[in-house]
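Undergrad: This is the content of final.tsv (TSV, C-alpha atoms and all ligand atoms):
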chain	number	residue	atom	x	y	z
R	1	MET	CA	-54.46	24.03	285.41
R	2	THR	CA	-56.15	26.96	283.74
R	3	ASP	CA	-59.74	26.87	282.55
R	4	VAL	CA	-59.82	25.30	279.09
R	5	LYS	CA	-63.58	25.31	278.58
R	6	LYS	CA	-64.79	26.80	275.33
R	7	LYS	CA	-67.07	29.79	275.58
R	8	ILE	CA	-70.65	30.53	274.68
R	9	LEU	CA	-72.11	33.99	274.21
R	10	THR	CA	-75.72	34.56	273.34
R	11	GLY	CA	-78.73	36.47	274.63
R	12	ASP	CA	-81.88	38.42	273.97
R	13	ARG	CA	-83.16	41.94	273.67
R	14	PRO	CA	-85.27	43.05	276.64
R	15	THR	CA	-88.28	43.96	274.53
R	16	GLY	CA	-90.81	41.67	276.24
R	17	LYS	CA	-91.28	38.23	277.69
R	18	LEU	CA	-89.50	35.18	276.28
R	19	HIS	CA	-91.54	32.78	274.18
R	20	LEU	CA	-91.44	29.24	272.81
R	21	GLY	CA	-89.45	30.44	269.76
R	22	HIS	CA	-86.65	31.56	272.06
R	23	TYR	CA	-86.78	28.24	273.84
R	24	VAL	CA	-86.51	25.97	270.81
R	25	GLY	CA	-84.24	28.35	268.88
R	26	SER	CA	-81.65	29.08	271.54
R	27	LEU	CA	-82.57	28.79	275.20
R	28	ALA	CA	-82.87	24.98	275.28
R	29	ASN	CA	-79.31	24.72	273.91
R	30	ARG	CA	-78.00	27.20	276.46
R	31	VAL	CA	-79.47	25.16	279.30
R	32	LYS	CA	-78.15	21.93	277.82
R	33	LEU	CA	-74.61	23.26	277.26
R	34	GLN	CA	-74.15	25.46	280.31
R	35	GLU	CA	-71.95	22.99	282.20
R	36	GLU	CA	-69.89	22.03	279.17
R	37	TYR	CA	-69.11	25.61	278.09
R	38	ASP	CA	-68.17	28.75	279.98
R	39	SER	CA	-71.47	30.52	279.26
R	40	TYR	CA	-72.16	34.25	279.02
R	41	ILE	CA	-75.79	35.29	278.54
R	42	ILE	CA	-76.33	38.89	277.54
R	43	ILE	CA	-79.49	40.90	278.12
R	44	ALA	CA	-78.97	43.31	275.22
R	45	ASP	CA	-80.61	46.47	276.52
R	46	VAL	CA	-78.62	48.82	274.31
R	47	GLN	CA	-79.62	46.77	271.29
R	48	ALA	CA	-83.24	47.02	272.45
R	49	LEU	CA	-82.87	50.81	272.27
R	50	THR	CA	-82.21	50.55	268.52
R	51	THR	CA	-85.95	50.07	268.09
R	52	ASN	CA	-87.31	51.23	271.46
R	53	PHE	CA	-85.35	54.42	272.13
R	54	GLU	CA	-88.58	56.34	272.64
R	55	LYS	CA	-89.66	54.19	275.56
R	56	PRO	CA	-86.59	53.42	277.66
R	57	GLU	CA	-88.84	53.24	280.73
R	58	ASN	CA	-89.72	49.62	279.81
R	59	LEU	CA	-86.11	48.42	279.76
R	60	ARG	CA	-85.86	47.79	283.48
R	61	ARG	CA	-89.10	45.82	283.65
R	62	ASP	CA	-88.21	43.75	280.57
R	63	THR	CA	-84.66	43.10	281.76
R	64	PHE	CA	-85.96	41.65	285.04
R	65	GLN	CA	-88.62	39.72	283.15
R	66	ILE	CA	-86.08	38.11	280.84
R	67	ALA	CA	-83.77	37.25	283.71
R	68	GLU	CA	-86.72	35.58	285.46
R	69	ASP	CA	-87.53	33.67	282.25
R	70	TYR	CA	-83.90	32.46	282.02
R	71	LEU	CA	-83.91	31.22	285.58
R	72	ALA	CA	-87.29	29.54	285.10
R	73	ALA	CA	-86.03	27.85	281.92
R	74	GLY	CA	-83.17	26.31	283.89
R	75	LEU	CA	-80.16	28.60	283.47
R	76	ASP	CA	-78.28	28.24	286.73
R	77	PRO	CA	-76.77	31.56	287.88
R	78	GLU	CA	-74.01	29.63	289.69
R	79	VAL	CA	-72.99	28.16	286.34
R	80	SER	CA	-73.96	30.65	283.60
R	81	THR	CA	-72.98	34.31	283.75
R	82	ILE	CA	-76.09	36.41	283.12
R	83	PHE	CA	-75.33	40.10	282.55
R	84	ILE	CA	-76.62	43.40	281.19
R	85	GLN	CA	-75.08	44.84	278.01
R	86	SER	CA	-75.07	48.50	279.11
R	87	MET	CA	-73.06	47.56	282.20
R	88	ILE	CA	-70.12	46.52	280.01
R	89	PRO	CA	-68.92	49.76	278.33
R	90	GLU	CA	-66.02	47.79	276.82
R	91	ILE	CA	-68.56	46.38	274.34
R	92	HIS	CA	-69.35	49.85	273.09
R	93	GLU	CA	-65.70	50.75	272.82
R	94	LEU	CA	-65.04	47.66	270.71
R	95	THR	CA	-68.11	48.44	268.57
R	96	MET	CA	-66.56	51.79	267.75
R	97	TYR	CA	-63.26	50.23	266.66
R	98	TYR	CA	-65.10	47.69	264.49
R	99	SER	CA	-67.22	50.42	262.91
R	100	MET	CA	-64.08	51.96	261.40
R	101	PHE	CA	-63.66	49.08	258.96
R	102	THR	CA	-67.25	47.83	258.51
R	103	SER	CA	-68.92	48.89	255.29
R	104	VAL	CA	-72.30	50.64	255.38
R	105	ASN	CA	-73.34	48.78	252.24
R	106	VAL	CA	-72.68	45.42	253.83
R	107	LEU	CA	-74.98	46.41	256.69
R	108	ARG	CA	-77.64	47.74	254.32
R	109	HIS	CA	-77.72	44.41	252.49
R	110	ASN	CA	-77.94	42.28	255.63
R	111	PRO	CA	-81.19	40.30	255.09
R	112	THR	CA	-82.20	40.29	258.77
R	113	VAL	CA	-81.65	44.04	259.09
R	114	LYS	CA	-83.76	44.53	255.96
R	115	THR	CA	-86.65	42.37	257.20
R	116	GLU	CA	-86.65	43.98	260.63
R	117	ALA	CA	-86.51	47.51	259.20
R	118	GLN	CA	-89.57	46.62	257.15
R	119	GLN	CA	-91.38	45.12	260.15
R	120	HIS	CA	-90.72	48.26	262.18
R	121	GLY	CA	-91.71	50.51	259.29
R	122	PHE	CA	-88.31	52.25	259.10
R	123	SER	CA	-87.93	53.97	255.76
R	124	ASP	CA	-84.83	55.77	256.98
R	125	MET	CA	-82.78	53.63	259.36
R	126	THR	CA	-80.99	55.24	262.28
R	127	TYR	CA	-77.24	54.89	262.56
R	128	GLY	CA	-77.71	52.76	265.69
R	129	PHE	CA	-80.21	50.39	264.10
R	130	LEU	CA	-78.20	49.92	260.92
R	131	GLY	CA	-75.12	49.25	263.02
R	132	TYR	CA	-76.57	46.84	265.58
R	133	PRO	CA	-74.93	43.81	263.94
R	134	VAL	CA	-71.56	45.50	264.55
R	135	SER	CA	-72.41	45.91	268.21
R	136	GLN	CA	-73.45	42.26	268.26
R	137	ALA	CA	-70.07	41.31	266.80
R	138	ALA	CA	-68.51	43.15	269.75
R	139	ASP	CA	-70.83	41.39	272.25
R	140	ILE	CA	-69.64	38.03	270.96
R	141	SER	CA	-65.97	38.69	270.40
R	142	VAL	CA	-65.22	40.65	273.56
R	143	PHE	CA	-65.86	37.32	275.33
R	144	LYS	CA	-63.87	35.40	272.69
R	145	ALA	CA	-66.91	33.16	272.31
R	146	ASN	CA	-66.49	29.99	270.24
R	147	LEU	CA	-70.17	29.14	269.98
R	148	VAL	CA	-73.34	31.25	269.66
R	149	PRO	CA	-76.63	29.36	270.14
R	150	VAL	CA	-79.22	31.29	268.11
R	151	GLY	CA	-82.24	31.04	265.81
R	152	ASP	CA	-81.68	31.19	262.06
R	153	ASP	CA	-82.44	34.93	261.73
R	154	GLN	CA	-79.05	35.44	263.37
R	155	ILE	CA	-76.98	33.59	260.74
R	156	PRO	CA	-76.08	36.74	258.76
R	157	HIS	CA	-74.96	38.42	261.98
R	158	ILE	CA	-72.67	35.56	262.97
R	159	GLU	CA	-71.22	35.57	259.45
R	160	LEU	CA	-70.51	39.29	259.79
R	161	THR	CA	-68.94	38.71	263.21
R	162	ARG	CA	-66.60	36.14	261.68
R	163	LYS	CA	-65.62	38.57	258.94
R	164	ILE	CA	-65.01	41.40	261.40
R	165	VAL	CA	-62.89	39.17	263.63
R	166	ARG	CA	-60.83	37.97	260.66
R	167	ARG	CA	-60.35	41.54	259.49
R	168	PHE	CA	-59.29	42.72	262.94
R	169	ASN	CA	-56.86	39.82	263.35
R	170	ASP	CA	-55.36	40.53	259.90
R	171	LEU	CA	-55.13	44.28	260.37
R	172	TYR	CA	-53.64	44.24	263.87
R	173	LYS	CA	-52.78	41.06	265.77
R	174	PRO	CA	-54.61	37.73	265.98
R	175	VAL	CA	-56.13	38.18	269.42
R	176	LEU	CA	-59.82	37.55	268.65
R	177	VAL	CA	-61.71	34.29	268.14
R	178	GLU	CA	-63.97	33.43	265.18
R	179	PRO	CA	-67.28	32.15	266.56
R	180	GLU	CA	-69.67	29.60	265.12
R	181	ALA	CA	-73.46	29.68	265.20
R	182	LEU	CA	-75.29	26.79	266.83
R	183	ILE	CA	-78.78	26.75	265.37
R	184	GLY	CA	-81.49	25.29	267.61
R	185	GLU	CA	-83.57	22.20	266.98
R	186	VAL	CA	-86.18	24.49	265.41
R	187	PRO	CA	-84.34	27.25	263.55
R	188	ARG	CA	-87.42	29.47	263.19
R	189	LEU	CA	-90.67	28.79	265.03
R	190	LEU	CA	-93.65	30.45	263.41
R	191	GLY	CA	-95.99	32.66	265.40
R	192	LEU	CA	-99.65	31.93	266.15
R	193	ASP	CA	-100.57	33.94	263.04
R	194	GLY	CA	-98.80	31.23	261.01
R	195	LYS	CA	-97.14	33.90	258.87
R	196	THR	CA	-93.98	35.28	260.44
R	197	LYS	CA	-91.58	34.04	263.10
R	198	MET	CA	-92.85	34.01	266.64
R	199	SER	CA	-91.60	37.30	268.03
R	200	LYS	CA	-92.07	39.29	271.19
R	201	SER	CA	-92.62	42.45	269.16
R	202	LEU	CA	-95.27	41.00	266.83
R	203	ASN	CA	-97.95	39.90	269.28
R	204	ASN	CA	-98.08	36.33	267.98
R	205	ALA	CA	-96.31	34.48	270.76
R	206	ILE	CA	-96.87	31.81	273.39
R	207	TYR	CA	-94.83	32.99	276.36
R	208	LEU	CA	-92.85	30.78	278.70
R	209	SER	CA	-94.67	32.56	281.54
R	210	ASP	CA	-98.19	31.94	280.17
R	211	SER	CA	-100.49	29.95	282.46
R	212	SER	CA	-101.97	26.68	281.21
R	213	SER	CA	-105.35	28.34	280.62
R	214	GLU	CA	-103.75	31.21	278.67
R	215	ILE	CA	-102.05	28.63	276.48
R	216	GLU	CA	-105.28	26.72	275.91
R	217	ASN	CA	-107.03	29.95	274.91
R	218	LYS	CA	-104.28	31.10	272.55
R	219	ILE	CA	-104.19	27.74	270.80
R	220	LYS	CA	-107.98	27.67	270.58
R	221	GLU	CA	-107.78	30.91	268.57
R	222	ALA	CA	-105.00	29.69	266.24
R	223	VAL	CA	-105.81	29.52	262.54
R	224	THR	CA	-106.07	25.98	261.13
R	225	ASP	CA	-106.94	24.68	257.68
R	226	PRO	CA	-109.58	27.16	256.39
R	227	ALA	CA	-111.13	24.45	254.17
R	228	ARG	CA	-112.13	22.45	257.25
R	229	ILE	CA	-115.52	23.53	258.41
R	230	ARG	CA	-117.01	20.38	259.92
R	231	LYS	CA	-115.11	17.98	262.14
R	232	ASN	CA	-115.30	15.18	259.54
R	233	ASP	CA	-113.97	17.25	256.63
R	234	PRO	CA	-110.55	15.94	255.54
R	235	GLY	CA	-107.78	18.27	256.78
R	236	HIS	CA	-104.54	19.52	255.22
R	237	PRO	CA	-101.92	19.42	257.97
R	238	GLU	CA	-99.24	20.92	255.70
R	239	ILE	CA	-100.98	24.29	255.82
R	240	CYS	CA	-102.09	24.17	259.47
R	241	THR	CA	-100.30	26.25	262.13
R	242	VAL	CA	-101.40	23.84	264.86
R	243	PHE	CA	-99.97	20.85	263.02
R	244	GLY	CA	-96.74	22.83	262.61
R	245	TYR	CA	-96.55	23.01	266.40
R	246	HIS	CA	-97.32	19.29	266.75
R	247	GLN	CA	-94.25	18.70	264.56
R	248	VAL	CA	-92.17	20.48	267.16
R	249	PHE	CA	-93.81	19.68	270.47
R	250	ASN	CA	-95.57	16.37	269.91
R	251	ARG	CA	-93.29	14.18	267.81
R	252	PRO	CA	-94.40	10.82	269.28
R	253	GLU	CA	-98.02	11.30	268.12
R	254	LEU	CA	-97.23	13.05	264.88
R	255	GLU	CA	-97.99	10.30	262.38
R	256	GLU	CA	-101.19	9.35	264.14
R	257	ILE	CA	-102.43	12.96	264.18
R	258	GLU	CA	-101.51	13.55	260.55
R	259	LYS	CA	-103.43	10.46	259.46
R	260	ALA	CA	-106.45	11.22	261.62
R	261	CYS	CA	-106.55	14.83	260.35
R	262	ARG	CA	-106.35	13.84	256.68
R	263	GLN	CA	-109.14	11.31	257.19
R	264	GLY	CA	-111.31	13.70	259.16
R	265	GLU	CA	-111.10	11.48	262.24
R	266	ILE	CA	-109.82	14.10	264.64
R	267	GLY	CA	-111.43	17.53	264.95
R	268	CYS	CA	-109.47	20.77	265.35
R	269	VAL	CA	-110.77	21.25	268.89
R	270	GLN	CA	-109.40	17.93	270.06
R	271	CYS	CA	-106.16	18.39	268.12
R	272	LYS	CA	-105.64	21.78	269.77
R	273	LYS	CA	-106.29	20.34	273.23
R	274	LYS	CA	-103.62	17.71	272.65
R	275	LEU	CA	-101.13	20.38	271.61
R	276	ALA	CA	-101.85	22.59	274.62
R	277	GLY	CA	-101.24	19.53	276.81
R	278	CYS	CA	-97.82	18.90	275.21
R	279	ILE	CA	-96.74	22.52	275.58
R	280	ASN	CA	-97.82	22.52	279.19
R	281	VAL	CA	-95.64	19.48	279.84
R	282	ILE	CA	-92.61	21.54	278.74
R	283	LEU	CA	-93.63	24.63	280.69
R	284	GLU	CA	-94.65	22.95	283.93
R	285	PRO	CA	-91.09	22.49	285.29
R	286	MET	CA	-90.43	26.14	284.38
R	287	ARG	CA	-93.47	27.19	286.41
R	288	GLU	CA	-92.08	25.28	289.36
R	289	ARG	CA	-88.64	26.91	289.11
R	290	ARG	CA	-90.17	30.35	288.55
R	291	VAL	CA	-91.86	30.38	291.97
R	292	LYS	CA	-88.53	31.02	293.69
R	293	TYR	CA	-87.91	34.22	291.69
R	294	GLU	CA	-91.40	35.62	291.25
R	295	ASN	CA	-91.77	38.92	293.07
R	296	ARG	CA	-88.13	38.70	294.19
R	297	PRO	CA	-86.46	41.58	292.30
R	298	ASP	CA	-83.81	41.61	295.04
R	299	LEU	CA	-82.70	38.07	294.11
R	300	ILE	CA	-82.67	38.86	290.39
R	301	GLN	CA	-80.79	42.11	290.94
R	302	GLU	CA	-78.10	40.29	292.88
R	303	ILE	CA	-77.69	37.75	290.07
R	304	LEU	CA	-77.47	40.49	287.40
R	305	LEU	CA	-75.00	42.58	289.39
R	306	GLU	CA	-72.75	39.60	290.10
R	307	GLY	CA	-72.96	38.42	286.49
R	308	SER	CA	-72.22	41.86	285.07
R	309	LYS	CA	-69.22	42.25	287.36
R	310	LYS	CA	-67.80	38.91	286.26
R	311	ALA	CA	-68.52	39.61	282.59
R	312	GLN	CA	-66.84	42.99	282.77
R	313	GLN	CA	-63.64	41.47	284.09
R	314	VAL	CA	-63.46	39.18	281.07
R	315	ALA	CA	-64.26	42.06	278.68
R	316	GLN	CA	-61.57	44.22	280.28
R	317	GLU	CA	-58.96	41.52	279.75
R	318	THR	CA	-59.84	41.31	276.06
R	319	MET	CA	-59.82	45.09	275.64
R	320	LEU	CA	-56.28	45.29	277.03
R	321	GLU	CA	-55.24	42.90	274.25
R	322	VAL	CA	-57.32	44.77	271.66
R	323	ARG	CA	-55.81	48.16	272.49
R	324	GLU	CA	-52.37	46.65	272.63
R	325	ALA	CA	-52.91	45.02	269.20
R	326	MET	CA	-54.06	48.35	267.76
R	327	GLY	CA	-51.22	50.25	269.35
R	328	ILE	CA	-53.49	52.59	271.27
R	329	ASN	CA	-52.32	51.73	274.77
R	330	TYR	CA	-49.97	54.71	274.79
R	331	PHE	CA	-49.07	54.47	278.45
R	332	GLY	CA	-48.94	50.70	278.94
R	333	GLN	CA	-51.58	48.60	280.61
R	334	HIS	CA	-54.46	50.93	281.43
R	335	LYS	CA	-58.02	49.76	282.04
F	1	LIG	P1	-87.79	41.29	268.92
F	1	LIG	O1	-89.06	41.12	268.15
F	1	LIG	O2	-87.85	42.35	269.95
F	1	LIG	O3	-86.57	41.38	268.02
F	1	LIG	P2	-87.40	38.48	269.19
F	1	LIG	O4	-88.59	37.68	269.61
F	1	LIG	O5	-86.98	38.48	267.74
F	1	LIG	O6	-87.65	39.94	269.73
F	1	LIG	P3	-84.67	38.47	270.03
F	1	LIG	O7	-84.32	38.97	271.39
F	1	LIG	O8	-84.42	39.36	268.86
F	1	LIG	O9	-86.20	38.02	270.07
F	1	LIG	O10	-83.96	37.08	269.74
F	1	LIG	C1	-83.23	36.38	270.70
F	1	LIG	C2	-82.82	35.01	270.24
F	1	LIG	O11	-83.96	34.16	270.07
F	1	LIG	C3	-82.11	34.97	268.87
F	1	LIG	O12	-81.13	33.99	268.93
F	1	LIG	C4	-83.18	34.57	267.91
F	1	LIG	O13	-82.66	33.92	266.76
F	1	LIG	C5	-83.99	33.60	268.76
F	1	LIG	N1	-85.39	33.58	268.31
F	1	LIG	C6	-86.27	34.60	268.44
F	1	LIG	N2	-87.44	34.25	267.90
F	1	LIG	C7	-87.31	32.98	267.42
F	1	LIG	C8	-88.18	32.06	266.75
F	1	LIG	N3	-89.43	32.38	266.48
F	1	LIG	N4	-87.71	30.83	266.42
F	1	LIG	C9	-86.42	30.48	266.70
F	1	LIG	N5	-85.55	31.29	267.34
F	1	LIG	C10	-85.98	32.54	267.69
F	2	MG	MG	-85.30	39.94	267.12
Would you mind giving the structure from this file in structure tokens?
Ligand code: ATP
Ligand code: MG
TA:
Amino acid sequence: MTDVKKKILTGDRPTGKLHLGHYVGSLANRVKLQEEYDSYIIIADVQALTTNFEKPENLRRDTFQIAEDYLAAGLDPEVSTIFIQSMIPEIHELTMYYSMFTSVNVLRHNPTVKTEAQQHGFSDMTYGFLGYPVSQAADISVFKANLVPVGDDQIPHIELTRKIVRRFNDLYKPVLVEPEALIGEVPRLLGLDGKTKMSKSLNNAIYLSDSSSEIENKIKEAVTDPARIRKNDPGHPEICTVFGYHQVFNRPELEEIEKACRQGEIGCVQCKKKLAGCINVILEPMRERRVKYENRPDLIQEILLEGSKKAQQVAQETMLEVREAMGINYFGQHK
């Protein structure tokens, strides 16, 4: 019998270490679903170049770092296919075909592209940056993925992918699959600044690789309710970043903490200690798994090479169908 498992495609840009936002937004779902789905996890190095083209020297380090974070988080390389985007040129070929019928205005109005352009201070977007959602549509559809576990900033991109796939299937032949987004338990985790989403480029993150003392220190510095000066002052959890994290990482004690905060019965110091403890409970098993891969670039390289080889075979199969559908396989089945 042939493999009938549905497919997952998702991944991250190698622009730094993975953080708790990645975990609750996407990574936890990948780990949970890796046996049930045929899973492809992309380290999107070409997409990282859309903002980091001036410092490509960090790509290698960050690619290895992210792979280590995946393995620590519980992705099993025997089960999930972890690969590097630039090693699959078929993705870039498909991006080019898609770009023929994707409107520049649609890309300009994409809310995530707009927010990110602002964050990066781009007044004039490059062609590559404006077009990254098209490349992402190719990442997803070249694997015929059914499901894409992501945080909510990715919703406009998955919508665009669906439109592109529908358009391709209508224009040529129905060979591609319309994917669905699977939004994580926490669609958008805020950063330690309490203002924007936790992001590796914004210096407001708790990393999966942070030690327990680093976590305690970061949380100690987090902004709480500014009206609370003394321990007994009544607090306002609804405006407190730390309480926001309790909502995610400490559900069993939530009501108790909320009440104690409002009544000035628990001080911020104690509340922060509790939170650090809860986060460390999640990260401890990752620390244990990480030991095997730390300082073992040889092991990680082997996993990435194997994964990229396997991913490329799948992408090549799809591209044969794509070229055939478009009538550009002039001499029959060429790879
Ligand atoms: P960069 O700042 O370089 O863009 P990033 O932290 O936004 O980095 P990405 O690699 O762009 O990370 O995102 C990878 C995946 O993680 C996406 O599915 C995204 O939705 C999800 N994600 C990233 N940050 C968060 C967050 N704070 N909360 C929930 N999901 C998130
Ligand atoms: Mg991002």
Undergrad: Let me see if you get this right: every residue at most 9 Å from ligand MG 2 (chain F), counting all atoms listed in the file, written as a list in words.
TA: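 Using all atoms listed in the file, everything at most 9 Å from ligand MG 2 (chain F) comes to Asp12, Arg13, Thr15, Thr112, Glu116, Asp153, Gln154, Ser199, Lys200 and Ser201 of chain R.
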Undergrad: Name the residues, by chain letter and number, that sit within 10 Å of ligand LIG 1 (chain F) using only C-alpha atoms and all ligand atoms, and give them as a PyMOL selection string.
TA: chain R and resi 10-27+43-45+47-48+51-52+66+116+119-120+148-155+181-191+196-205
Undergrad: Can you tell me how far CA of Ile8 (chain R) sits from CA of Tyr98 (chain R), in Å to one decimal?
TA: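 Computing the Euclidean distance for CA of Ile8 (chain R) and CA of Tyr98 (chain R) yields 20.7 Å.
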Undergrad: Looking at all atoms listed in the file, which of R:Glu221, R:Glu265, R:Glu302, R:Glu216 is the one that sits closest to Pro77 (chain R)?
TA: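 Of R:Glu221, R:Glu265, R:Glu302, R:Glu216, the one nearest Pro77 (chain R), counting all atoms listed in the file, is R:Glu302.
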Undergrad: Go ahead and find all residues with at least one atom no further than 12 Å from (-93.6, 27.7, 288.8) in the file's coordinates, using all atoms listed in the file; report them as a list in words.
TA: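 Residues with an atom at most 12 Å from (-93.6, 27.7, 288.8): Glu68, Asp69, Leu71, Ala72, Ala73, Gly74, Leu208, Ser209, Asp210, Ser211, Ser212, Asn280, Ile282, Leu283, Glu284, Pro285, Met286, Arg287, Glu288, Arg289, Arg290, Val291, Lys292, Tyr293 and Glu294 of chain R.
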Undergrad: Nearest to Glu317 (chain R): which of R:Ile279, R:Ile303, R:Leu176, R:Ile257 is it, counting all atoms listed in the file?
TA: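 Looking only at the distances to Glu317 (chain R), the closest residue turns out to be R:Leu176.
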Undergrad: Report as CSV the residues of region 249-331 of chain R within 8 Å of region 88-94 of chain R, each with its shortest atom pair and distance in Å (one decimal), using only C-alpha atoms, ordered by chain and increasing residue number.
TA:
residue,atom,partner,partner_atom,distance
R:Ser308,CA,R:Ile88,CA,7.2
R:Ala311,CA,R:Ile88,CA,7.5
R:Gln312,CA,R:Ile88,CA,5.6
R:Ala315,CA,R:Glu90,CA,6.3
R:Gln316,CA,R:Glu90,CA,6.7
R:Met319,CA,R:Glu90,CA,6.9
Undergrad: Neighbouring residues of Val175 (chain R) were defined as those with any atom within 9 Å, considering only C-alpha atoms; residues of the same chain fewer than 6 positions away were excluded. Please report them as an mmCIF file with C-alpha atoms, keeping the file's coordinate frame.
TA:
data_model
loop_
_atom_site.group_PDB
_atom_site.id
_atom_site.type_symbol
_atom_site.label_atom_id
_atom_site.label_comp_id
_atom_site.auth_asym_id
_atom_site.auth_seq_id
_atom_site.Cartn_x
_atom_site.Cartn_y
_atom_site.Cartn_z
ATOM 1 C CA LYS R 144 -63.870 35.400 272.690
ATOM 2 C CA VAL R 165 -62.890 39.170 263.630
ATOM 3 C CA PHE R 168 -59.290 42.720 262.940
ATOM 4 C CA ASN R 169 -56.860 39.820 263.350
ATOM 5 C CA THR R 318 -59.840 41.310 276.060
ATOM 6 C CA GLU R 321 -55.240 42.900 274.250
ATOM 7 C CA VAL R 322 -57.320 44.770 271.660
ATOM 8 C CA ALA R 325 -52.910 45.020 269.200
#
